[in-house]
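Structure file start.txt (compact mmCIF, C-alpha atoms and all ligand atoms) follows.
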```txt
# COMPACT_ATOMS: atom_id res chain seq x y z
CA MET M 263 119.75 90.17 99.07
CA ASP M 264 115.97 90.37 98.70
CA LYS M 265 114.96 93.33 100.84
CA THR M 266 111.37 92.45 101.76
CA LEU M 267 110.86 91.35 105.34
CA ALA M 268 107.63 90.39 107.12
CA VAL M 269 107.11 91.39 110.76
CA ILE M 270 104.17 89.75 112.49
CA GLY M 271 102.83 91.66 115.47
CA ALA M 272 102.83 95.45 115.73
CA GLY M 273 103.21 95.85 119.50
CA THR M 274 106.25 97.41 121.17
CA MET M 275 108.77 94.84 119.91
CA GLY M 276 107.26 94.26 116.46
CA SER M 277 107.08 97.96 115.71
CA GLY M 278 110.63 98.49 117.00
CA ILE M 279 111.92 95.70 114.75
CA ALA M 280 109.98 97.11 111.79
CA HIS M 281 111.31 100.62 112.54
CA VAL M 282 115.00 99.66 112.66
CA SER M 283 114.68 97.40 109.60
CA ALA M 284 113.02 100.12 107.49
CA LEU M 285 115.66 102.59 108.69
CA HIS M 286 118.30 100.32 107.14
CA GLY M 287 116.56 99.98 103.79
CA TYR M 288 114.28 96.98 104.20
CA ARG M 289 110.73 97.05 102.91
CA VAL M 290 108.75 95.78 105.88
CA LEU M 291 105.39 94.05 105.58
CA MET M 292 103.67 94.73 108.90
CA ILE M 293 100.96 92.21 109.79
CA ASP M 294 98.82 92.19 112.92
CA ALA M 295 95.56 90.38 113.62
CA GLN M 296 94.25 93.28 115.67
CA GLU M 297 92.34 95.94 113.75
CA GLY M 298 94.21 99.28 113.78
CA ALA M 299 97.39 97.90 115.42
CA VAL M 300 99.62 98.50 112.39
CA HIS M 301 98.14 101.96 111.92
CA ARG M 302 98.95 102.85 115.54
CA ALA M 303 102.47 101.42 115.26
CA ARG M 304 103.13 103.43 112.07
CA GLN M 305 101.92 106.58 113.81
CA ALA M 306 104.24 105.98 116.77
CA ILE M 307 107.20 105.37 114.43
CA SER M 308 106.33 108.49 112.45
CA LYS M 309 106.37 110.53 115.68
CA ARG M 310 109.85 109.21 116.55
CA LEU M 311 111.12 110.01 113.06
CA THR M 312 109.73 113.53 113.31
CA ARG M 313 111.70 113.94 116.54
CA GLU M 314 114.85 112.83 114.69
CA VAL M 315 114.14 115.35 111.93
CA ASP M 316 113.60 118.10 114.53
CA LYS M 317 116.91 117.18 116.19
CA GLY M 318 118.61 117.43 112.79
CA SER M 319 119.79 113.81 112.79
CA MET M 320 117.64 112.89 109.77
CA THR M 321 116.20 114.75 106.78
CA SER M 322 112.43 114.85 106.31
CA LEU M 323 112.99 113.19 102.91
CA ASP M 324 114.71 110.24 104.58
CA ALA M 325 111.96 110.03 107.21
CA ASP M 326 109.33 109.92 104.44
CA ALA M 327 111.27 107.15 102.69
CA VAL M 328 111.38 105.11 105.91
CA MET M 329 107.61 105.50 106.33
CA GLU M 330 107.05 104.41 102.71
CA ARG M 331 108.99 101.22 103.40
CA LEU M 332 106.67 100.37 106.30
CA VAL M 333 103.76 98.70 104.58
CA GLU M 334 100.51 97.61 106.21
CA ALA M 335 100.08 94.10 104.78
CA ASP M 336 97.88 91.01 104.81
CA TRP M 337 98.96 87.42 105.32
CA PRO M 338 99.24 86.43 101.61
CA ASP M 339 101.73 89.31 101.06
CA ALA M 340 104.20 87.42 103.26
CA SER M 341 104.97 85.24 100.23
CA GLN M 342 107.24 88.09 99.02
CA ALA M 343 109.44 87.98 102.10
CA PHE M 344 112.92 86.43 102.41
CA MET M 345 112.40 86.26 106.18
CA ALA M 346 109.62 86.69 108.73
CA ILE M 347 110.09 87.82 112.30
CA GLU M 348 107.25 87.05 114.67
CA ALA M 349 106.63 89.24 117.73
CA VAL M 350 103.13 88.25 118.85
CA LEU M 351 101.88 87.24 122.31
CA GLU M 352 104.19 85.03 124.37
CA ILE M 353 101.78 82.10 124.17
CA VAL M 354 103.26 79.05 122.51
CA ASP M 355 100.02 77.98 120.77
CA VAL M 356 99.52 81.45 119.31
CA LYS M 357 103.09 81.44 118.04
CA LYS M 358 102.67 77.96 116.55
CA GLU M 359 99.58 79.10 114.67
CA VAL M 360 101.55 82.03 113.22
CA PHE M 361 104.45 79.76 112.24
CA GLN M 362 102.18 77.25 110.54
CA ARG M 363 100.70 80.05 108.48
CA LEU M 364 104.09 81.54 107.62
CA ASP M 365 105.45 78.12 106.68
CA SER M 366 102.72 77.70 104.08
CA LEU M 367 103.31 81.19 102.61
CA LEU M 368 107.03 81.94 102.56
CA PRO M 369 109.32 80.53 99.87
CA ASP M 370 111.44 77.45 100.64
CA GLY M 371 114.61 78.43 102.45
CA ALA M 372 113.12 81.63 103.87
CA ILE M 373 113.84 82.09 107.56
CA LEU M 374 111.10 82.02 110.17
CA ALA M 375 112.30 83.81 113.29
CA THR M 376 110.61 84.29 116.62
CA ASN M 377 111.32 87.18 118.95
CA THR M 378 110.28 85.09 121.93
CA SER M 379 112.13 86.09 125.08
CA SER M 380 112.11 82.63 126.61
CA LEU M 381 109.90 80.01 124.91
CA SER M 382 111.31 76.92 123.19
CA ILE M 383 112.39 77.45 119.58
CA THR M 384 112.42 73.69 119.07
CA GLU M 385 108.78 73.39 120.07
CA ILE M 386 107.71 76.28 117.82
CA ALA M 387 109.68 74.76 114.90
CA THR M 388 107.87 71.42 115.16
CA ILE M 389 104.76 72.88 113.55
CA THR M 390 106.70 73.76 110.36
CA LYS M 391 108.17 71.69 107.55
CA ARG M 392 111.43 73.67 107.71
CA PRO M 393 112.87 73.31 111.24
CA ALA M 394 116.37 73.93 109.82
CA TYR M 395 115.21 77.46 108.95
CA VAL M 396 113.48 78.30 112.23
CA LEU M 397 115.39 80.17 114.92
CA GLY M 398 115.06 82.71 117.70
CA MET M 399 115.97 86.33 117.08
CA HIS M 400 115.58 88.00 120.43
CA PHE M 401 115.66 91.80 120.21
CA PHE M 402 115.76 94.09 123.24
CA ASN M 403 113.54 97.00 124.14
CA PRO M 404 113.78 99.64 122.67
CA ALA M 405 114.67 97.64 119.56
CA PRO M 406 115.82 100.60 117.45
CA VAL M 407 118.40 101.52 120.10
CA MET M 408 119.58 98.30 121.75
CA LYS M 409 122.63 96.81 120.02
CA LEU M 410 122.11 93.11 120.70
CA ILE M 411 120.16 90.34 119.05
CA GLU M 412 120.36 86.90 120.64
CA ILE M 413 120.27 84.31 117.86
CA VAL M 414 118.87 81.13 119.34
CA ARG M 415 119.26 77.70 117.78
CA GLY M 416 116.48 75.16 118.08
CA GLU M 417 117.53 71.50 118.05
CA GLU M 418 117.32 71.39 114.25
CA THR M 419 118.34 74.92 113.26
CA GLY M 420 120.93 74.79 110.46
CA ASP M 421 124.12 76.82 110.09
CA ASP M 422 122.81 78.48 106.93
CA ALA M 423 119.88 79.99 108.86
CA VAL M 424 122.17 81.22 111.64
CA GLN M 425 124.51 82.83 109.13
CA GLN M 426 121.65 84.52 107.28
CA ALA M 427 120.23 85.85 110.55
CA GLN M 428 123.65 87.19 111.50
CA ALA M 429 123.97 88.90 108.12
CA TYR M 430 120.56 90.55 108.53
CA ALA M 431 121.50 91.66 112.08
CA ARG M 432 124.74 93.22 110.82
CA SER M 433 122.86 94.97 108.02
CA ILE M 434 120.65 96.77 110.56
CA GLY M 435 123.60 97.75 112.74
CA LYS M 436 123.22 95.08 115.43
CA GLU M 437 125.64 92.76 117.18
CA THR M 438 124.73 89.12 117.77
CA VAL M 439 125.46 86.33 120.18
CA VAL M 440 124.56 82.75 119.33
CA VAL M 441 122.72 80.79 121.99
CA GLU M 442 123.75 77.25 121.15
CA LYS M 443 121.29 75.42 123.40
CA ASP M 444 117.58 76.15 123.34
CA THR M 445 117.07 76.86 127.06
CA PRO M 446 114.49 79.05 128.84
CA GLY M 447 115.53 82.71 129.06
CA PHE M 448 118.52 82.18 126.74
CA VAL M 449 121.42 84.28 128.09
CA VAL M 450 120.11 87.77 128.80
CA ASN M 451 116.87 86.92 130.60
CA ARG M 452 118.66 84.19 132.55
CA VAL M 453 120.83 86.99 133.96
CA LEU M 454 118.20 89.74 134.02
CA MET M 455 115.32 87.97 135.78
CA PRO M 456 117.30 87.18 138.97
CA LEU M 457 118.42 90.84 138.98
CA PHE M 458 114.80 92.02 138.77
CA ILE M 459 113.73 89.49 141.40
CA GLU M 460 116.44 90.49 143.86
CA ALA M 461 115.69 94.22 143.40
CA MET M 462 111.98 93.55 144.00
CA ARG M 463 112.72 91.47 147.09
CA ILE M 464 114.95 94.21 148.51
CA TYR M 465 112.01 96.57 147.97
CA GLU M 466 109.52 94.13 149.58
CA GLU M 467 111.79 93.68 152.59
CA GLY M 468 111.94 97.47 153.13
CA ILE M 469 115.72 97.49 152.89
CA ALA M 470 115.77 100.60 150.69
CA SER M 471 113.27 102.77 148.82
CA LYS M 472 112.57 101.98 145.17
CA ASP M 473 114.35 105.17 144.12
CA ASP M 474 117.41 104.22 146.14
CA ILE M 475 117.46 100.65 144.80
CA ASP M 476 117.46 102.02 141.26
CA LYS M 477 120.00 104.71 142.13
CA ALA M 478 122.29 102.11 143.75
CA VAL M 479 122.34 99.92 140.64
CA LYS M 480 122.63 102.87 138.25
CA LEU M 481 125.51 104.55 140.01
CA GLY M 482 127.09 101.54 141.67
CA LEU M 483 127.06 99.28 138.62
CA ASN M 484 126.84 101.86 135.84
CA HIS M 485 123.59 100.49 134.42
CA PRO M 486 121.72 103.04 132.28
CA MET M 487 118.51 102.38 134.24
CA GLY M 488 117.74 100.94 137.65
CA PRO M 489 116.17 97.45 137.66
CA LEU M 490 112.72 98.62 138.82
CA THR M 491 112.56 101.27 136.09
CA LEU M 492 113.76 98.70 133.57
CA ALA M 493 111.17 96.17 134.77
CA ASP M 494 108.51 98.83 134.10
CA LEU M 495 109.97 99.45 130.64
CA THR M 496 109.97 95.80 129.63
CA GLY M 497 106.42 95.41 131.00
CA LEU M 498 105.62 93.91 134.41
CA ASP M 499 103.22 91.41 132.83
CA VAL M 500 105.97 90.30 130.45
CA ASP M 501 108.47 90.02 133.32
CA LEU M 502 106.05 87.96 135.40
CA HIS M 503 105.30 85.71 132.47
CA VAL M 504 109.00 85.11 131.80
CA MET M 505 109.72 84.41 135.50
CA ASP M 506 106.79 81.97 135.81
CA TYR M 507 107.85 80.17 132.65
CA MET M 508 111.48 79.90 133.80
CA TYR M 509 110.38 78.77 137.27
CA ASP M 510 108.18 76.04 135.75
CA GLU M 511 110.99 74.87 133.50
CA PHE M 512 113.91 74.98 135.95
CA HIS M 513 112.06 74.36 139.25
CA ASP M 514 114.56 76.79 140.72
CA ASP M 515 113.83 79.52 143.27
CA ARG M 516 116.22 81.87 141.46
CA PHE M 517 113.29 82.49 139.09
CA ALA M 518 110.43 82.63 141.62
CA ALA M 519 108.44 85.83 141.03
CA PRO M 520 108.15 88.11 144.06
CA LEU M 521 104.64 88.71 145.42
CA VAL M 522 104.91 92.45 144.89
CA LEU M 523 105.22 91.85 141.15
CA ARG M 524 102.18 89.59 141.07
CA ARG M 525 100.20 92.16 143.07
CA LEU M 526 101.10 94.98 140.69
CA VAL M 527 100.18 92.93 137.63
CA ARG M 528 96.85 91.90 139.17
CA ALA M 529 96.14 95.56 139.83
CA GLY M 530 96.70 96.34 136.14
CA ARG M 531 99.94 98.21 136.84
CA LEU M 532 101.86 96.71 133.93
CA GLY M 533 104.62 99.29 133.65
CA ARG M 534 105.21 102.03 131.11
CA LYS M 535 102.68 100.81 128.57
CA THR M 536 99.87 101.47 131.08
CA GLY M 537 101.48 104.57 132.62
CA LYS M 538 101.69 102.81 135.99
CA GLY M 539 104.06 100.19 137.34
CA PHE M 540 106.56 100.45 140.16
CA TYR M 541 106.42 104.13 139.22
CA ASP M 542 103.71 106.38 137.75
CA TYR M 543 104.30 107.79 134.27
CA ASP M 544 102.64 110.74 132.56
N1 LIG E 601 112.58 103.99 119.85
C1 LIG E 601 113.54 104.61 119.15
N2 LIG E 601 114.52 105.36 119.72
C2 LIG E 601 114.49 105.50 121.07
C3 LIG E 601 113.49 104.88 121.87
C4 LIG E 601 112.51 104.10 121.20
N3 LIG E 601 111.54 103.47 121.86
N4 LIG E 601 113.75 105.20 123.18
C5 LIG E 601 114.85 105.99 123.19
N5 LIG E 601 115.29 106.17 121.92
C6 LIG E 601 116.48 106.90 121.49
C7 LIG E 601 116.32 108.40 121.70
O1 LIG E 601 115.71 109.00 120.57
C8 LIG E 601 117.77 108.86 121.87
O2 LIG E 601 118.38 108.98 120.59
P1 LIG E 601 119.63 110.01 120.33
O3 LIG E 601 120.76 109.54 121.21
O4 LIG E 601 119.90 109.87 118.86
O5 LIG E 601 119.12 111.34 120.74
C9 LIG E 601 118.42 107.66 122.59
O6 LIG E 601 117.58 106.53 122.34
C10 LIG E 601 118.54 107.89 124.07
O7 LIG E 601 117.22 108.13 124.58
P2 LIG E 601 116.88 109.22 125.68
O8 LIG E 601 117.82 110.39 125.56
O9 LIG E 601 115.40 109.48 125.62
O10 LIG E 601 117.06 108.50 127.07
P3 LIG E 601 118.27 107.71 127.68
O11 LIG E 601 119.59 108.27 127.33
O12 LIG E 601 117.88 107.59 129.11
O13 LIG E 601 118.17 106.28 127.00
C11 LIG E 601 117.37 104.06 126.95
C12 LIG E 601 116.99 105.52 127.07
C13 LIG E 601 118.02 103.82 125.58
C14 LIG E 601 116.10 103.25 127.05
C15 LIG E 601 118.43 103.73 128.08
O14 LIG E 601 117.94 104.16 129.32
C16 LIG E 601 118.75 102.26 128.17
O15 LIG E 601 119.58 101.75 127.44
N6 LIG E 601 118.10 101.57 129.12
C17 LIG E 601 118.27 100.13 129.31
C18 LIG E 601 117.36 99.39 128.33
C19 LIG E 601 117.51 97.91 128.43
O16 LIG E 601 118.27 97.36 129.23
N7 LIG E 601 116.76 97.21 127.61
C20 LIG E 601 116.72 95.74 127.64
C21 LIG E 601 115.52 95.31 128.35
S1 LIG E 601 115.41 93.55 128.45
C22 LIG E 601 114.52 93.09 127.13
O17 LIG E 601 114.06 93.86 126.33
C23 LIG E 601 114.39 91.61 126.95
C24 LIG E 601 113.24 90.93 127.49
O18 LIG E 601 112.93 89.88 126.95
C25 LIG E 601 112.51 91.33 128.72
```
Can I see the file as structure tokens?
Amino acid sequence: MDKTLAVIGAGTMGSGIAHVSALHGYRVLMIDAQEGAVHRARQAISKRLTREVDKGSMTSLDADAVMERLVEADWPDASQAFMAIEAVLEIVDVKKEVFQRLDSLLPDGAILATNTSSLSITEIATITKRPAYVLGMHFFNPAPVMKLIEIVRGEETGDDAVQQAQAYARSIGKETVVVEKDTPGFVVNRVLMPLFIEAMRIYEEGIASKDDIDKAVKLGLNHPMGPLTLADLTGLDVDLHVMDYMYDEFHDDRFAAPLVLRRLVRAGRLGRKTGKGFYDYD
């Protein structure tokens, strides 16, 4: 298999995808429109690798090799890639622009994947001349750690693309599920958003403190994190965006964002990435 992969977007998800791919031997072309974004992502990955070296779970030689495989790249370099994974803003027009560009650069038969957490794969694919090779590859945060990738079929996604995406996922140590129908939120966010919403409503109604809501779900359901902590980790702005999108699509109150979430986002408390969300972080 050709081992060069392009990752578009060097935010939390893009850098996590680049990190885990480089760890498993892929040369990753990291592309981001924002000046300095790839540099910052490489620095953050380097810090994590240093921690692994300090813990003794990786040699410094291996860490250096991983960093060498993470290449800051420009758009034309994407022509070397057998697959591109896009992890830019969750705005359909921005994603379409990226896909149009990738379609003109990547070789025929190369896969164009989007890490969207809820948007329509079918709609994104319409801008390309290869809808059979466009699919969703939804990673979870933190991408280097979380085992699952949801592989999402658009209306025209072909079996060959799904199989290639599954092979790539296996090669980086991930498990996959195939989402057969392109529907908002796929499987995981369809389950997760109502959980977040209910936890936030319980908090709004003063039924329990935020610490106790999280503790209840952690210890009562054996989740690794409580829902309010997890909502902070995924990003409150992202959560709100996903809920609003799902609400618009389904017209169903199960996905109606609680006011407390909207208030926090308006106040700039976006969760861990800002150091403030439901909780304060150092
Ligand atoms: N990058 C790389 N490695 C990371 C990491 C990151 N960002 N964060 C944690 N890790 C690694 C640590 O290095 C550590 O590795 P070792 O076991 O080798 O030492 C391991 O993960 C465990 O980390 P910690 O000891 O720091 O902390 P923890 O045991 O509390 O685990 C957690 C942290 C993995 C995040 C865990 O709490 C967890 O699984 N939480 C739930 C996360 C989750 O549900 N994510 C899905 C969110 S939904 C989503 O992403 C979709 C969407 O569209 C909104």
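The environment of Leu267 (chain M) within 7 Å, counting only C-alpha atoms and disregarding residues fewer than 2 places along the same chain, consists of M:Lys265, M:Val269, M:Tyr288, M:Arg289, M:Val290, M:Leu291, M:Ala343, M:Phe344, M:Met345, M:Ala346.
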Write out, as a PDB file, in the coordinates of the input, the residues just selected, with C-alpha atoms.
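The result, written out as again-v1.pdb:
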```
ATOM      1  CA  LYS M 265     114.960  93.330 100.840  1.00  0.00           C
ATOM      2  CA  VAL M 269     107.110  91.390 110.760  1.00  0.00           C
ATOM      3  CA  TYR M 288     114.280  96.980 104.200  1.00  0.00           C
ATOM      4  CA  ARG M 289     110.730  97.050 102.910  1.00  0.00           C
ATOM      5  CA  VAL M 290     108.750  95.780 105.880  1.00  0.00           C
ATOM      6  CA  LEU M 291     105.390  94.050 105.580  1.00  0.00           C
ATOM      7  CA  ALA M 343     109.440  87.980 102.100  1.00  0.00           C
ATOM      8  CA  PHE M 344     112.920  86.430 102.410  1.00  0.00           C
ATOM      9  CA  MET M 345     112.400  86.260 106.180  1.00  0.00           C
ATOM     10  CA  ALA M 346     109.620  86.690 108.730  1.00  0.00           C
TER      11      ALA M 346
END
```
| request: For Arg392 (chain M), please output as a ChimeraX atom specification all residues within 10 Å (counting only C-alpha atoms; exclusion window: fewer than 6 positions along the same chain). | output: /M:365,370-374,418-420
| request: For Asn451 (chain M), work out the shell of residues within 10 Å, counting only C-alpha atoms and skipping chain neighbours fewer than 4 positions away, then give it as a PyMOL selection string. | output: chain M and resi 379-380+446-447+455-458+501+504-505+508
| field | Within-8 Å residues of ligand LIG 601 (chain E), basis only C-alpha atoms and all ligand atoms, as a ChimeraX atom specification | value | /M:278,307,310,313-314,317,319,378-380,400-408,447,450-451,454,485-487,492-493,495-497,500-501,504
Output file for the selection above: C-alpha atoms, as a compact mmCIF listing (two decimals), in the coordinates of the input:
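And here is the file that came out, result-v8.txt:
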```txt
# COMPACT_ATOMS: atom_id res chain seq x y z
CA GLY M 278 110.63 98.49 117.00
CA ILE M 307 107.20 105.37 114.43
CA ARG M 310 109.85 109.21 116.55
CA ARG M 313 111.70 113.94 116.54
CA GLU M 314 114.85 112.83 114.69
CA LYS M 317 116.91 117.18 116.19
CA SER M 319 119.79 113.81 112.79
CA THR M 378 110.28 85.09 121.93
CA SER M 379 112.13 86.09 125.08
CA SER M 380 112.11 82.63 126.61
CA HIS M 400 115.58 88.00 120.43
CA PHE M 401 115.66 91.80 120.21
CA PHE M 402 115.76 94.09 123.24
CA ASN M 403 113.54 97.00 124.14
CA PRO M 404 113.78 99.64 122.67
CA ALA M 405 114.67 97.64 119.56
CA PRO M 406 115.82 100.60 117.45
CA VAL M 407 118.40 101.52 120.10
CA MET M 408 119.58 98.30 121.75
CA GLY M 447 115.53 82.71 129.06
CA VAL M 450 120.11 87.77 128.80
CA ASN M 451 116.87 86.92 130.60
CA LEU M 454 118.20 89.74 134.02
CA HIS M 485 123.59 100.49 134.42
CA PRO M 486 121.72 103.04 132.28
CA MET M 487 118.51 102.38 134.24
CA LEU M 492 113.76 98.70 133.57
CA ALA M 493 111.17 96.17 134.77
CA LEU M 495 109.97 99.45 130.64
CA THR M 496 109.97 95.80 129.63
CA GLY M 497 106.42 95.41 131.00
CA VAL M 500 105.97 90.30 130.45
CA ASP M 501 108.47 90.02 133.32
CA VAL M 504 109.00 85.11 131.80
```
| Two-atom distance - CA of Ala284 (chain M), CA of Arg432 (chain M) (Å) |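 We find that CA of Ala284 (chain M) and CA of Arg432 (chain M) lie 14.0 Å from each other.
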| said: I need the residue nearest Ser283 (chain M) from this list: M:Arg302, M:Lys309, M:Arg331, M:Arg528. Use all atoms listed in the file for the distance. | reply: M:Arg331
| message | For a cutoff of 12 Å around the file-coordinate point (100.8, 93.7, 140.9), which residues qualify once you count all atoms listed in the file? I'd like the result as a list in words. | response |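 Residues found, by chain and rising number: Met462, Asp494, Gly497, Leu498, Asp499, Asp501, Leu502, Ala519, Pro520, Leu521, Val522, Leu523, Arg524, Arg525, Leu526, Val527, Arg528, Ala529, Gly530, Arg531, Leu532, Gly533, Lys538, Gly539, Phe540 and Tyr541 of chain M.
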| field | Selected residue, from M:Tyr543, M:Phe517, M:Phe512, M:Tyr507, that lies nearest to Ile353 (chain M) when counting all atoms listed in the file | value |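 Between M:Tyr543, M:Phe517, M:Phe512, M:Tyr507, the residue approaching Ile353 (chain M) most closely is M:Tyr507.
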